[in-house]
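For reference, protein.cif is printed below; it contains mmCIF, C-alpha atoms.
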```cif
data_run
#
loop_
_atom_site.label_atom_id
_atom_site.label_comp_id
_atom_site.auth_asym_id
_atom_site.auth_seq_id
_atom_site.Cartn_x
_atom_site.Cartn_y
_atom_site.Cartn_z
CA MET C 1 40.76 69.04 5.58
CA LYS C 2 40.20 72.65 4.65
CA LEU C 3 36.70 73.62 3.57
CA GLN C 4 35.91 76.90 1.85
CA THR C 5 33.89 79.38 3.92
CA ALA C 6 30.84 78.91 1.69
CA THR C 7 30.96 75.13 2.26
CA ARG C 8 31.17 75.54 6.00
CA LEU C 9 28.26 78.01 5.96
CA GLY C 10 26.29 75.65 3.73
CA LEU C 11 26.77 72.87 6.27
CA TYR C 12 25.87 75.15 9.18
CA ALA C 13 22.73 76.38 7.41
CA ILE C 14 21.46 72.99 6.25
CA LEU C 15 22.02 71.39 9.66
CA GLU C 16 20.34 74.25 11.48
CA LEU C 17 17.35 74.15 9.13
CA ALA C 18 17.16 70.33 9.07
CA ARG C 19 17.05 70.28 12.86
CA ASP C 20 13.41 71.32 12.61
CA PRO C 21 12.01 71.12 9.07
CA ALA C 22 8.78 72.85 10.15
CA ARG C 23 10.70 75.95 11.23
CA THR C 24 11.45 78.87 8.92
CA LEU C 25 14.58 80.96 9.43
CA SER C 26 15.73 83.98 7.44
CA SER C 27 19.27 84.41 6.16
CA ALA C 28 19.57 87.22 8.75
CA ASP C 29 18.55 84.79 11.56
CA LEU C 30 21.09 82.24 10.39
CA ALA C 31 23.82 84.86 9.83
CA GLU C 32 23.37 86.14 13.37
CA ARG C 33 23.47 82.62 14.77
CA PHE C 34 26.81 81.87 13.12
CA GLY C 35 28.31 85.36 13.36
CA VAL C 36 28.68 85.91 9.60
CA SER C 37 27.35 88.45 7.11
CA THR C 38 23.79 88.12 5.84
CA HIS C 39 25.12 88.56 2.30
CA SER C 40 27.37 85.47 2.56
CA LEU C 41 24.56 83.42 4.04
CA ALA C 42 22.03 84.57 1.43
CA LYS C 43 24.36 83.42 -1.36
CA VAL C 44 24.84 80.03 0.28
CA LEU C 45 21.08 79.64 0.82
CA GLY C 46 20.56 80.44 -2.86
CA THR C 47 22.79 77.49 -3.77
CA LEU C 48 21.00 75.18 -1.32
CA SER C 49 17.66 76.35 -2.70
CA ALA C 50 18.72 75.75 -6.33
CA ALA C 51 19.73 72.22 -5.28
CA GLY C 52 16.20 71.64 -3.93
CA LEU C 53 17.32 71.20 -0.34
CA VAL C 54 15.68 74.30 1.11
CA GLN C 55 12.75 76.40 0.08
CA GLY C 56 12.99 80.08 0.71
CA GLY C 57 11.59 83.53 0.44
CA ARG C 58 13.24 86.54 -1.13
CA GLY C 59 15.51 89.04 0.60
CA ALA C 60 17.10 89.05 4.03
CA SER C 61 13.73 88.79 5.79
CA GLY C 62 12.41 85.93 3.63
CA GLY C 63 12.44 82.68 5.54
CA TYR C 64 13.98 79.37 4.50
CA ARG C 65 12.97 75.89 5.53
CA PHE C 66 14.46 72.47 4.93
CA ILE C 67 12.64 70.35 2.34
CA GLY C 68 15.11 67.49 1.82
CA ASN C 69 15.33 64.01 3.30
CA ARG C 70 17.49 64.04 6.44
CA ARG C 71 18.21 60.33 6.17
CA ARG C 72 19.28 60.49 2.53
CA ILE C 73 21.30 63.69 2.33
CA THR C 74 24.91 63.32 3.39
CA LEU C 75 27.52 65.90 4.34
CA MET C 76 29.21 65.13 1.01
CA ASP C 77 26.08 66.17 -0.89
CA ILE C 78 26.41 69.62 0.66
CA VAL C 79 30.19 69.81 0.28
CA ALA C 80 29.88 68.87 -3.41
CA LEU C 81 27.67 71.93 -4.01
CA PHE C 82 30.45 74.29 -2.98
CA GLU C 83 33.76 72.51 -3.51
CA PRO C 84 35.26 71.48 -6.87
CA ALA C 85 34.43 67.88 -7.81
CA PRO C 86 37.19 65.38 -6.99
CA GLY C 87 39.43 64.94 -10.00
CA SER C 88 38.28 68.20 -11.59
CA ARG C 89 41.17 70.32 -10.35
CA ALA C 90 43.87 71.58 -12.66
CA LYS C 91 47.19 69.76 -12.72
CA GLU C 92 49.78 71.31 -10.41
CA PRO C 93 53.31 72.08 -11.68
CA GLY C 94 55.65 69.16 -11.05
CA GLU C 95 52.86 66.62 -10.79
CA ASP C 96 54.17 64.71 -13.80
CA THR C 97 57.52 64.08 -12.13
CA GLU C 98 58.20 60.90 -10.13
CA ILE C 99 58.17 62.79 -6.81
CA GLY C 100 55.15 64.86 -7.82
CA GLY C 101 53.26 61.70 -8.81
CA ALA C 102 54.14 59.96 -5.54
CA LEU C 103 52.99 62.98 -3.52
CA GLN C 104 49.79 63.14 -5.55
CA ARG C 105 49.00 59.51 -4.72
CA VAL C 106 49.25 60.34 -1.00
CA LEU C 107 47.01 63.40 -1.41
CA THR C 108 44.49 61.38 -3.42
CA GLU C 109 44.44 58.74 -0.66
CA ILE C 110 43.66 61.45 1.90
CA ASP C 111 40.93 62.90 -0.34
CA GLU C 112 39.34 59.48 -0.80
CA ILE C 113 39.21 58.88 2.95
CA ALA C 114 37.78 62.36 3.54
CA GLU C 115 35.16 61.83 0.85
CA ALA C 116 34.18 58.41 2.21
CA THR C 117 33.76 59.94 5.66
CA LEU C 118 31.63 62.83 4.44
CA ARG C 119 29.55 60.51 2.27
CA SER C 120 28.87 58.17 5.19
CA ILE C 121 27.35 60.79 7.48
CA SER C 122 23.74 61.70 6.79
CA LEU C 123 22.18 64.86 8.21
CA GLU C 124 20.09 62.58 10.43
CA THR C 125 23.21 60.89 11.87
CA MET C 126 24.92 64.25 12.35
CA LEU C 127 21.95 65.79 14.12
CA ARG C 128 21.48 62.74 16.32
CA ALA C 129 25.15 62.80 17.35
CA ARG C 130 24.96 66.37 18.60
CA SER C 131 21.77 65.97 20.65
CA MET H 1 8.79 42.90 13.23
CA VAL H 2 11.66 40.44 13.45
CA THR H 3 13.03 38.09 16.08
CA ILE H 4 16.77 38.02 16.68
CA ARG H 5 18.18 34.61 17.61
CA PRO H 6 21.47 32.70 17.30
CA ALA H 7 22.05 31.21 13.87
CA GLN H 8 21.68 27.44 13.57
CA ALA H 9 23.03 24.97 11.03
CA PHE H 10 19.64 24.91 9.29
CA ASP H 11 19.94 28.67 8.63
CA LEU H 12 23.17 28.31 6.64
CA ALA H 13 21.59 27.72 3.24
CA ALA H 14 19.45 30.87 3.50
CA ILE H 15 22.36 32.90 4.93
CA SER H 16 24.68 31.76 2.19
CA ALA H 17 22.09 32.44 -0.51
CA LEU H 18 21.32 35.95 0.81
CA ASP H 19 25.01 36.80 1.04
CA ALA H 20 25.76 35.41 -2.43
CA ARG H 21 22.86 37.41 -3.87
CA LEU H 22 24.12 40.65 -2.29
CA THR H 23 27.88 40.25 -2.68
CA GLY H 24 28.12 38.11 -5.79
CA SER H 25 30.42 35.61 -4.06
CA ASP H 26 29.30 32.25 -2.71
CA LYS H 27 31.18 31.22 0.45
CA PRO H 28 29.20 28.52 2.34
CA GLN H 29 32.33 27.24 4.13
CA TYR H 30 32.95 30.70 5.60
CA TRP H 31 29.41 30.86 7.03
CA GLN H 32 29.72 27.31 8.32
CA GLU H 33 32.81 28.39 10.31
CA MET H 34 30.87 31.29 11.80
CA LEU H 35 28.82 28.75 13.76
CA SER H 36 31.91 28.11 15.89
CA PRO H 37 31.10 28.58 19.62
CA ASP H 38 33.63 31.42 20.05
CA ARG H 39 31.74 33.49 17.48
CA HIS H 40 28.47 35.37 17.70
CA PHE H 41 26.32 34.61 14.70
CA LEU H 42 22.78 35.98 14.85
CA VAL H 43 19.87 35.97 12.44
CA ALA H 44 16.82 38.17 12.15
CA GLU H 45 13.76 36.06 11.46
CA THR H 46 10.51 37.37 10.05
CA ALA H 47 7.14 36.46 11.62
CA LYS H 48 6.73 33.89 8.83
CA GLY H 49 10.09 32.27 9.63
CA GLY H 50 12.02 33.78 6.70
CA LEU H 51 15.52 35.20 6.92
CA ALA H 52 15.49 39.02 7.11
CA GLY H 53 19.19 39.37 7.81
CA PHE H 54 22.18 38.21 9.81
CA ILE H 55 25.21 39.52 11.65
CA ALA H 56 28.45 37.82 12.65
CA GLY H 57 31.18 38.87 15.02
CA GLU H 58 33.68 37.86 17.65
CA ILE H 59 35.53 39.28 20.63
CA ARG H 60 39.22 39.54 19.93
CA ALA H 61 41.90 40.60 22.40
CA TRP H 62 45.25 42.09 21.41
CA GLU H 63 44.43 41.83 17.75
CA PHE H 64 46.71 44.42 16.09
CA GLY H 65 47.94 45.40 19.56
CA GLN H 66 44.50 46.54 20.71
CA PRO H 67 42.78 45.48 23.95
CA ALA H 68 39.67 43.30 23.74
CA ALA H 69 36.92 44.58 21.47
CA GLY H 70 33.94 43.11 19.71
CA TRP H 71 34.49 42.85 15.96
CA VAL H 72 31.65 42.82 13.47
CA PHE H 73 32.73 40.63 10.56
CA ALA H 74 29.61 40.78 8.47
CA ILE H 75 26.08 42.09 8.36
CA GLN H 76 23.53 41.63 5.61
CA VAL H 77 19.88 42.57 5.45
CA ASP H 78 17.47 41.36 2.80
CA PRO H 79 16.77 44.44 0.61
CA LYS H 80 13.02 43.68 0.92
CA THR H 81 13.19 44.35 4.67
CA ARG H 82 15.57 47.33 4.62
CA LEU H 83 14.72 50.64 6.31
CA LYS H 84 12.64 48.74 8.86
CA GLY H 85 15.24 48.64 11.59
CA VAL H 86 16.41 45.04 10.95
CA GLY H 87 20.09 46.04 10.66
CA SER H 88 19.90 48.18 13.79
CA ALA H 89 18.20 45.35 15.72
CA LEU H 90 20.95 42.93 14.66
CA PHE H 91 23.70 45.40 15.54
CA GLU H 92 22.17 46.16 18.94
CA ALA H 93 21.77 42.45 19.71
CA LEU H 94 25.40 41.74 18.84
CA ALA H 95 26.62 44.80 20.77
CA GLY H 96 24.56 43.58 23.75
CA ARG H 97 26.30 40.19 23.61
CA PHE H 98 29.72 41.84 23.42
CA LYS H 99 28.85 44.01 26.40
CA ALA H 100 27.60 41.01 28.36
CA GLU H 101 31.05 39.48 27.86
CA GLY H 102 32.68 42.57 29.30
CA VAL H 103 33.96 44.47 26.27
CA THR H 104 33.22 48.14 25.91
CA ARG H 105 34.14 48.74 22.27
CA VAL H 106 32.83 47.46 18.97
CA ARG H 107 34.83 47.61 15.74
CA THR H 108 34.51 46.72 12.11
CA LEU H 109 36.23 47.20 8.76
CA VAL H 110 34.32 48.64 5.85
CA ASP H 111 35.10 49.17 2.18
CA ARG H 112 35.40 52.95 1.99
CA LYS H 113 33.55 52.95 -1.34
CA ASP H 114 30.59 51.09 0.16
CA HIS H 115 28.63 54.15 1.22
CA LEU H 116 25.54 52.19 2.20
CA ILE H 117 27.24 50.08 4.86
CA LEU H 118 29.45 52.98 5.97
CA SER H 119 26.34 55.10 6.51
CA PHE H 120 24.71 52.26 8.41
CA PHE H 121 27.59 51.95 10.89
CA ARG H 122 27.79 55.73 11.23
CA ALA H 123 24.09 55.79 12.06
CA GLN H 124 24.83 53.29 14.84
CA GLY H 125 27.16 55.90 16.34
CA MET H 126 30.42 54.40 15.07
CA VAL H 127 33.26 56.76 14.15
CA ALA H 128 36.77 56.30 12.75
CA GLY H 129 38.71 54.02 15.09
CA PRO H 130 42.29 54.22 16.31
CA SER H 131 43.76 52.07 13.51
CA LEU H 132 44.33 52.64 9.83
CA GLN H 133 44.08 49.64 7.56
CA LEU H 134 47.05 49.35 5.19
CA ASP H 135 47.18 47.19 2.12
CA LYS H 136 49.60 46.10 -0.61
CA GLU H 137 49.36 43.90 -3.64
CA LEU H 138 52.08 41.25 -3.53
CA PRO H 139 54.29 41.15 -6.58
#
```

Turn the structure described in the file into structure tokens.
Amino acid sequence: MKLQTATRLGLYAILELARDPARTLSSADLAERFGVSTHSLAKVLGTLSAAGLVQGGRGASGGYRFIGNRRRITLMDIVALFEPAPGSRAKEPGEDTEIGGALQRVLTEIDEIAEATLRSISLETMLRARS
Amino acid sequence: MVTIRPAQAFDLAAISALDARLTGSDKPQYWQEMLSPDRHFLVAETAKGGLAGFIAGEIRAWEFGQPAAGWVFAIQVDPKTRLKGVGSALFEALAGRFKAEGVTRVRTLVDRKDHLILSFFRAQGMVAGPSLQLDKELP
């Protein structure tokens, strides 16, 4: 499964912040930790903040902290903020043909399994698994 | 606080009722068969003697070509006692019984759209197993 860079950064950021909800980290701190630009991280944090998952200050030096529920929020909740919703993509050329339809059913099956997996893993489970 | 103990015949009515309430399908015969000695059928009992939940499983060897593993067939927890560790206590008790019988793996099958139960098993440390379930409607 290929995730967009923003999705991956969103997952990195939320997991890092959720590890210790009392801790505040700036987008610069997080960017350095994951070896990415502060600009990319700031954009991602803006999305997480608008979704009510983190609370943050302004600018690169403003700190962010996790304000969600680790047991309730799943990896899919984060992925859904950055990736197009399942079923919302435009139809691909050839999809209406017999072969195109058959291929699409296989791809949909893969998507459904991926979504079920992401939806089944809470931040709490993920953080417990890595410690 | 709950006590985990083996299910007895007198538990069947409450087990069946809880399951029917949560799944919408009444299957008393199925639960009756779970009392078979080769199965592990455990209940979680509240301090007042009520049913807080149950779990059922069995050790199966060479099922689908796989060496012996403990299979969890069913787990249900009364919604009134959820988020209090009842499901985890049942799972740990069953896993302990499997381990005592010498198996080192526990498996289950879950509806991939049932996010609640999928999340529960994930939280117990379970991950995707070596098999893929395949399915076909017969014409």

- Message: Neighbouring residues of Phe91 of chain H were defined as those with any atom within 10 Å, considering all atoms listed in the file; residues of the same chain fewer than 2 positions away were excluded. Please report them as an NGL selection string.
- Response: :H and (42 or 54-57 or 72 or 75 or 85-89 or 93-97 or 106 or 120-121 or 124)

- Would you kindly translate the PyMOL selection byres ((chain H) within 10 of (chain C)) into the concrete residues it picks from this file, as a list of chain:residue names?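 The output of the PyMOL selection byres ((chain H) within 10 of (chain C)) on this file is H:Asp111, H:Arg112, H:Lys113, H:Asp114, H:His115, H:Leu116, H:Ile117, H:Leu118, H:Ser119, H:Phe120, H:Phe121, H:Arg122, H:Ala123, H:Gln124, H:Gly125, H:Val127, H:Ala128.
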
- Query: Please, what distance in Å, to one decimal, runs between atom CA of Arg33 of chain C and atom CA of Arg19 of chain C?
  - Reply: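 Atom-to-atom, atom CA of Arg33 of chain C to atom CA of Arg19 of chain C, that is 14.0 Å.
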
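Among the candidates C:Gln104, C:Gly52, C:Arg70, C:Val79, the one nearest to Glu92 of chain C when counting all atoms listed in the file is C:Gln104.
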
- Message: Taking the file as I've supplied it (selection: the PyMOL selection byres ((chain C and resi 54) around 6)), which residues are included? Please answer as a VMD selection string.
- Response: chain C and resid 48 to 49 52 to 53 55 65 to 67

- Task: Evaluate the PyMOL selection byres ((chain C and resi 64) around 12) and record the selected residues as JSON, numbers by chain, following the chain and residue labels used in the document.
- Result: {"C": [13, 14, 16, 17, 18, 20, 21, 22, 23, 24, 25, 26, 27, 28, 29, 30, 41, 42, 44, 45, 46, 48, 49, 52, 53, 54, 55, 56, 57, 58, 59, 60, 61, 62, 63, 65, 66, 67]}

Could those residues be written to a file, using C-alpha atoms, as a PDB file, keeping the file's coordinate frame?
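As a result, part.pdb now contains:
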```
ATOM      1  CA  ALA C  13      22.730  76.380   7.410  1.00  0.00           C
ATOM      2  CA  ILE C  14      21.460  72.990   6.250  1.00  0.00           C
ATOM      3  CA  GLU C  16      20.340  74.250  11.480  1.00  0.00           C
ATOM      4  CA  LEU C  17      17.350  74.150   9.130  1.00  0.00           C
ATOM      5  CA  ALA C  18      17.160  70.330   9.070  1.00  0.00           C
ATOM      6  CA  ASP C  20      13.410  71.320  12.610  1.00  0.00           C
ATOM      7  CA  PRO C  21      12.010  71.120   9.070  1.00  0.00           C
ATOM      8  CA  ALA C  22       8.780  72.850  10.150  1.00  0.00           C
ATOM      9  CA  ARG C  23      10.700  75.950  11.230  1.00  0.00           C
ATOM     10  CA  THR C  24      11.450  78.870   8.920  1.00  0.00           C
ATOM     11  CA  LEU C  25      14.580  80.960   9.430  1.00  0.00           C
ATOM     12  CA  SER C  26      15.730  83.980   7.440  1.00  0.00           C
ATOM     13  CA  SER C  27      19.270  84.410   6.160  1.00  0.00           C
ATOM     14  CA  ALA C  28      19.570  87.220   8.750  1.00  0.00           C
ATOM     15  CA  ASP C  29      18.550  84.790  11.560  1.00  0.00           C
ATOM     16  CA  LEU C  30      21.090  82.240  10.390  1.00  0.00           C
ATOM     17  CA  LEU C  41      24.560  83.420   4.040  1.00  0.00           C
ATOM     18  CA  ALA C  42      22.030  84.570   1.430  1.00  0.00           C
ATOM     19  CA  VAL C  44      24.840  80.030   0.280  1.00  0.00           C
ATOM     20  CA  LEU C  45      21.080  79.640   0.820  1.00  0.00           C
ATOM     21  CA  GLY C  46      20.560  80.440  -2.860  1.00  0.00           C
ATOM     22  CA  LEU C  48      21.000  75.180  -1.320  1.00  0.00           C
ATOM     23  CA  SER C  49      17.660  76.350  -2.700  1.00  0.00           C
ATOM     24  CA  GLY C  52      16.200  71.640  -3.930  1.00  0.00           C
ATOM     25  CA  LEU C  53      17.320  71.200  -0.340  1.00  0.00           C
ATOM     26  CA  VAL C  54      15.680  74.300   1.110  1.00  0.00           C
ATOM     27  CA  GLN C  55      12.750  76.400   0.080  1.00  0.00           C
ATOM     28  CA  GLY C  56      12.990  80.080   0.710  1.00  0.00           C
ATOM     29  CA  GLY C  57      11.590  83.530   0.440  1.00  0.00           C
ATOM     30  CA  ARG C  58      13.240  86.540  -1.130  1.00  0.00           C
ATOM     31  CA  GLY C  59      15.510  89.040   0.600  1.00  0.00           C
ATOM     32  CA  ALA C  60      17.100  89.050   4.030  1.00  0.00           C
ATOM     33  CA  SER C  61      13.730  88.790   5.790  1.00  0.00           C
ATOM     34  CA  GLY C  62      12.410  85.930   3.630  1.00  0.00           C
ATOM     35  CA  GLY C  63      12.440  82.680   5.540  1.00  0.00           C
ATOM     36  CA  ARG C  65      12.970  75.890   5.530  1.00  0.00           C
ATOM     37  CA  PHE C  66      14.460  72.470   4.930  1.00  0.00           C
ATOM     38  CA  ILE C  67      12.640  70.350   2.340  1.00  0.00           C
TER      39      ILE C  67
END
```

- Which polymer residues have any atom within 10 Å of an atom of Met1 of chain H, counting all atoms listed in the file, with same-chain residues fewer than 3 positions away left out, as a ChimeraX atom specification? /H:4,44-47,52,81,84-86

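Note that the spacing between atom CA of Ser37 of chain C and atom CA of Ala6 of chain C amounts to 11.5 Å.
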
- Task: In Å, rounded to a single decimal, give me how far atom CA of Ala61 of chain H is from atom CA of Leu12 of chain H.
- Result: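 Distance reported for this atom pair: 27.4 Å.
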
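For the residues C:Leu81, C:Ala90, C:Thr38, C:Val106, ranking by smallest atom-to-atom distance to Gln4 of chain C using only C-alpha atoms places C:Leu81 first.
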
- Item | Within 12 Å of Gln32 of chain H using all atoms listed in the file, minus same-chain residues under 2 positions, as a PyMOL selection string | chain H and resi 7-16+27-30+34-37+39+41+56

Quick one: everything within 12 Å of Thr5 of chain C, counting all atoms listed in the file, minus sequence neighbours fewer than 2 positions away in the same chain. Send it as a short mmCIF file (atom, residue, chain, number, x, y, z; two decimals) with C-alpha atoms, keeping the file's coordinate frame.
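The file below, out-v7.cif, is the result:
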```
data_model
loop_
_atom_site.label_atom_id
_atom_site.label_comp_id
_atom_site.auth_asym_id
_atom_site.auth_seq_id
_atom_site.Cartn_x
_atom_site.Cartn_y
_atom_site.Cartn_z
CA LYS C 2 40.20 72.65 4.65
CA LEU C 3 36.70 73.62 3.57
CA THR C 7 30.96 75.13 2.26
CA ARG C 8 31.17 75.54 6.00
CA LEU C 9 28.26 78.01 5.96
CA GLY C 10 26.29 75.65 3.73
CA LEU C 11 26.77 72.87 6.27
CA TYR C 12 25.87 75.15 9.18
CA PHE C 34 26.81 81.87 13.12
CA VAL C 36 28.68 85.91 9.60
CA SER C 37 27.35 88.45 7.11
CA SER C 40 27.37 85.47 2.56
CA LEU C 41 24.56 83.42 4.04
CA LYS C 43 24.36 83.42 -1.36
CA VAL C 44 24.84 80.03 0.28
CA VAL C 79 30.19 69.81 0.28
CA PHE C 82 30.45 74.29 -2.98
CA GLU C 83 33.76 72.51 -3.51
#
```

- Query: Closest to Ile73 of chain C among C:Ala102, C:Ala31, C:Arg89, C:Ala51, using only C-alpha atoms?
  - Reply: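 For Ile73 of chain C, the nearest of the given residues is C:Ala51.
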